[in-house]
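Asks: After the structure tokens below, expect a handful of questions from me.
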Amino acid sequence: MESREQQIARHLLSIKAVFFRPQEPFTWASGIKSPVYCDNRLILTAPEARNAVEQALAAVVRQEYAGCEVLMGTSTAGIAHAAITGHILGLPMGYVRSSAKDHGRGNQIEGRLLPGQKVVVIEDLISTAGSVLEVVRVLRGAGAEVLGVASIFTYGMKKGLERLAAEGVKNVSLTHFDVVARVAAETGYIRPEDVARLLAFRDDPADESWIGA
């Protein structure tokens, strides 16, 4: 029987939410050159994959974060996933803006959140973890008890793992870079010889020698 990580990887690959270009890398907003790009927004337009992902997120919250009272999505990609997962679990949800509004009530946290409430953050993907940790800081600053993060995909980069550990933030991802790469090779989505190049990127994104490997 396949693991949850393998099942979700197959769903992401089946809807072409993961793009591999080891010979013509993508450039992220951070400037990092990457052989892979994961567009989890495509999940929302693929009902079968969407149901698998949201049910898996709900299972993670049940199993890993007992006592969760509120789900908070990251803006903007985590909002829909938090809403659907919240519906499955019968939990309230809200989301955290990247910055406070400059009009109205000036909110950065949207939705009702009371001091002391136990929160799980819903994130679509994690690379260096900077964005999701900023959300955690905002929630902690509002008095919430952040139990951790439930994410769809993580690159498993050393920098991201170290940042999460340094701030005492638990993350449980439905699948991760290594599994997606191996399933992609097994299914002919990429060449088997490309896996080593992909993992070399994961281990050290600053070393671009994998590009010409």
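Residue names in the structure tokens use chain letters A, B, ... in the order shown, residue numbers from 1 in each chain, and ligand numbers from 1 in the order shown.
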Give me the residues near range 62-70 of chain A as a list of chain:residue names, where near means some atom within 6 Å (using only C-alpha atoms) and where sequence neighbours in that chain fewer than 3 positions away do not count.

Replies: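 Final neighbour list, sorted by chain and number: A:Ala59, A:Leu91, A:Pro92, A:Met93, A:Lys118, A:Val119.
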
Asks: What lies within 10 Å of range 81-89 of chain A using only C-alpha atoms, ignoring chain neighbours under 6 positions off, as a list in words?

Replies: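 These residues fall inside the cut-off: Arg41, Ile43, Leu44, Arg50, Asn51, Val53, Glu54, Gln55, Ala56, Leu57, Ala58, Ala59, Val61, Arg62, Glu69, Val70, Leu71, Met72, Gly73, Thr74, Tyr95, Val120, Val121, Ile122, Glu123, Asp124, Ala150, Ser151 and Ile152 of chain A.
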
Asks: With C-alpha atoms kept, could you save the residues just selected as a CSV table (one decimal), in the first residue's frame?

Replies:
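Contents of the output file selection_12.csv:
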```csv
chain,number,residue,atom,x,y,z
A,41,ARG,CA,-3.2,26.5,-7.1
A,43,ILE,CA,-5.3,21.6,-7.1
A,44,LEU,CA,-8.4,23.7,-6.7
A,50,ARG,CA,-8.5,18.5,-4.4
A,51,ASN,CA,-10.6,16.0,-2.4
A,53,VAL,CA,-5.5,16.9,-0.6
A,54,GLU,CA,-8.2,18.4,1.6
A,55,GLN,CA,-9.1,15.0,3.2
A,56,ALA,CA,-5.4,14.5,3.9
A,57,LEU,CA,-5.0,17.9,5.5
A,58,ALA,CA,-8.0,17.2,7.7
A,59,ALA,CA,-6.4,13.9,8.7
A,61,VAL,CA,-5.0,18.2,11.8
A,62,ARG,CA,-6.9,15.4,13.6
A,69,GLU,CA,-9.7,25.3,17.6
A,70,VAL,CA,-9.1,27.5,14.5
A,71,LEU,CA,-7.4,27.0,11.1
A,72,MET,CA,-5.5,30.0,9.7
A,73,GLY,CA,-4.5,30.0,6.0
A,74,THR,CA,-1.5,31.8,4.6
A,95,TYR,CA,-6.3,33.9,7.2
A,120,VAL,CA,-3.0,25.3,13.0
A,121,VAL,CA,-1.6,27.2,10.0
A,122,ILE,CA,-2.5,25.8,6.6
A,123,GLU,CA,0.2,26.4,3.9
A,124,ASP,CA,0.4,25.2,0.4
A,150,ALA,CA,-0.1,21.6,8.0
A,151,SER,CA,1.3,22.0,4.5
A,152,ILE,CA,0.8,20.3,1.1
```

Asks: Quick one: everything within 12 Å of range 28-30 of chain A, counting only C-alpha atoms, minus sequence neighbours fewer than 6 positions away in the same chain. Send it as a PyMOL selection string.

Replies: chain A and resi 36-38+127-128+130-131+205-206

Asks: Set the distance at 10 Å and use only C-alpha atoms: which residues neighbour Leu12 in chain A once local chain neighbours fewer than 5 positions away are removed? I'd like the list as an MDAnalysis selection string.

Replies: chainID A and resid 6:7 17:19 38:40 42:43 46 49:50 53 152:153 175 180 184

Asks: With only C-alpha atoms as the basis for distance, which of A:Pro22, A:Ala181, A:Pro115, A:Leu139 is at the shortest distance from Ser209 in chain A?

Replies: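 When distances to Ser209 in chain A are compared using only C-alpha atoms, the smallest one comes from A:Pro22.
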
Asks: Please provide the set of residues having any atom within 9 Å of range 197-203 of chain A, restricted to only C-alpha atoms, with same-chain residues fewer than 4 positions apart removed, written as an mmCIF file with N, CA, C and O atoms, in the first residue's frame.

Replies:
```cif
data_model
loop_
_atom_site.group_PDB
_atom_site.id
_atom_site.type_symbol
_atom_site.label_atom_id
_atom_site.label_comp_id
_atom_site.auth_asym_id
_atom_site.auth_seq_id
_atom_site.Cartn_x
_atom_site.Cartn_y
_atom_site.Cartn_z
ATOM 1 N N PHE A 20 9.085 20.248 -13.930
ATOM 2 C CA PHE A 20 10.516 19.961 -13.827
ATOM 3 C C PHE A 20 11.245 20.497 -15.044
ATOM 4 O O PHE A 20 10.891 20.178 -16.181
ATOM 5 N N PRO A 22 15.174 20.702 -15.192
ATOM 6 C CA PRO A 22 16.552 20.696 -14.697
ATOM 7 C C PRO A 22 17.558 21.288 -15.669
ATOM 8 O O PRO A 22 18.641 21.707 -15.260
ATOM 9 N N LYS A 33 17.682 29.813 -8.338
ATOM 10 C CA LYS A 33 17.398 29.060 -9.555
ATOM 11 C C LYS A 33 16.999 27.646 -9.155
ATOM 12 O O LYS A 33 17.676 26.994 -8.363
ATOM 13 N N SER A 34 15.882 27.185 -9.679
ATOM 14 C CA SER A 34 15.336 25.899 -9.262
ATOM 15 C C SER A 34 14.972 25.040 -10.467
ATOM 16 O O SER A 34 14.431 25.547 -11.454
ATOM 17 N N PRO A 35 15.227 23.717 -10.373
ATOM 18 C CA PRO A 35 14.838 22.815 -11.455
ATOM 19 C C PRO A 35 13.380 22.392 -11.374
ATOM 20 O O PRO A 35 12.896 21.649 -12.218
ATOM 21 N N VAL A 36 12.680 22.863 -10.334
ATOM 22 C CA VAL A 36 11.298 22.434 -10.147
ATOM 23 C C VAL A 36 10.446 23.610 -9.687
ATOM 24 O O VAL A 36 10.911 24.502 -8.987
ATOM 25 N N TYR A 155 9.881 21.493 0.224
ATOM 26 C CA TYR A 155 11.110 21.168 -0.491
ATOM 27 C C TYR A 155 12.116 20.464 0.416
ATOM 28 O O TYR A 155 13.043 19.829 -0.069
ATOM 29 N N GLY A 156 11.946 20.588 1.722
ATOM 30 C CA GLY A 156 12.877 19.950 2.648
ATOM 31 C C GLY A 156 14.253 20.580 2.657
ATOM 32 O O GLY A 156 15.245 19.926 2.999
ATOM 33 N N MET A 157 14.320 21.853 2.320
ATOM 34 C CA MET A 157 15.611 22.535 2.293
ATOM 35 C C MET A 157 16.155 22.737 3.701
ATOM 36 O O MET A 157 15.410 22.995 4.654
ATOM 37 N N LYS A 158 17.464 22.631 3.827
ATOM 38 C CA LYS A 158 18.113 22.753 5.124
ATOM 39 C C LYS A 158 17.768 24.081 5.791
ATOM 40 O O LYS A 158 17.466 24.127 6.985
ATOM 41 N N PHE A 177 9.674 16.926 -1.494
ATOM 42 C CA PHE A 177 10.458 16.971 -2.723
ATOM 43 C C PHE A 177 11.027 15.606 -3.125
ATOM 44 O O PHE A 177 10.918 15.192 -4.276
ATOM 45 N N ASP A 178 11.621 14.900 -2.174
ATOM 46 C CA ASP A 178 12.257 13.620 -2.482
ATOM 47 C C ASP A 178 11.248 12.617 -3.043
ATOM 48 O O ASP A 178 11.519 11.924 -4.027
ATOM 49 N N ALA A 181 10.037 13.621 -6.575
ATOM 50 C CA ALA A 181 11.069 13.354 -7.579
ATOM 51 C C ALA A 181 11.124 11.875 -7.931
ATOM 52 O O ALA A 181 11.206 11.497 -9.115
ATOM 53 N N GLU A 193 17.771 9.641 -14.407
ATOM 54 C CA GLU A 193 19.050 10.309 -14.136
ATOM 55 C C GLU A 193 18.874 11.745 -13.648
ATOM 56 O O GLU A 193 19.823 12.358 -13.138
ATOM 57 N N ASP A 207 24.509 26.102 -4.721
ATOM 58 C CA ASP A 207 25.471 25.460 -5.605
ATOM 59 C C ASP A 207 24.752 25.084 -6.896
ATOM 60 O O ASP A 207 23.972 24.134 -6.930
ATOM 61 N N GLU A 208 25.030 25.837 -7.951
ATOM 62 C CA GLU A 208 24.303 25.634 -9.203
ATOM 63 C C GLU A 208 25.005 24.669 -10.158
ATOM 64 O O GLU A 208 24.680 24.603 -11.338
ATOM 65 N N SER A 209 25.957 23.882 -9.631
ATOM 66 C CA SER A 209 26.675 22.937 -10.490
ATOM 67 C C SER A 209 25.762 21.875 -11.071
ATOM 68 O O SER A 209 26.061 21.274 -12.102
ATOM 69 N N TRP A 210 24.601 21.631 -10.402
ATOM 70 C CA TRP A 210 23.665 20.628 -10.898
ATOM 71 C C TRP A 210 23.082 21.021 -12.247
ATOM 72 O O TRP A 210 22.625 20.162 -13.006
ATOM 73 N N ILE A 211 23.102 22.337 -12.563
ATOM 74 C CA ILE A 211 22.486 22.790 -13.815
ATOM 75 C C ILE A 211 23.159 22.161 -15.019
ATOM 76 O O ILE A 211 22.529 21.741 -15.981
ATOM 77 N N ALA A 213 24.987 19.406 -14.913
ATOM 78 C CA ALA A 213 25.352 18.010 -14.630
ATOM 79 C C ALA A 213 24.807 17.065 -15.709
ATOM 80 O O ALA A 213 23.805 17.346 -16.339
#
```

Asks: When DSSP is applied to the backbone of this structure, which of range 132-199 of chain A are assigned helix (DSSP H, G or I)? Write them out as a count of residues only.

Replies: 35

Asks: Which parts of range 13-208 of chain A does DSSP call strand (DSSP E) when run on the backbone here, written out as a ChimeraX atom specification?

Replies: /A:18-20,26-27,33-34,36-38,70-74,93-96,109-110,118-126,145-154,171-176
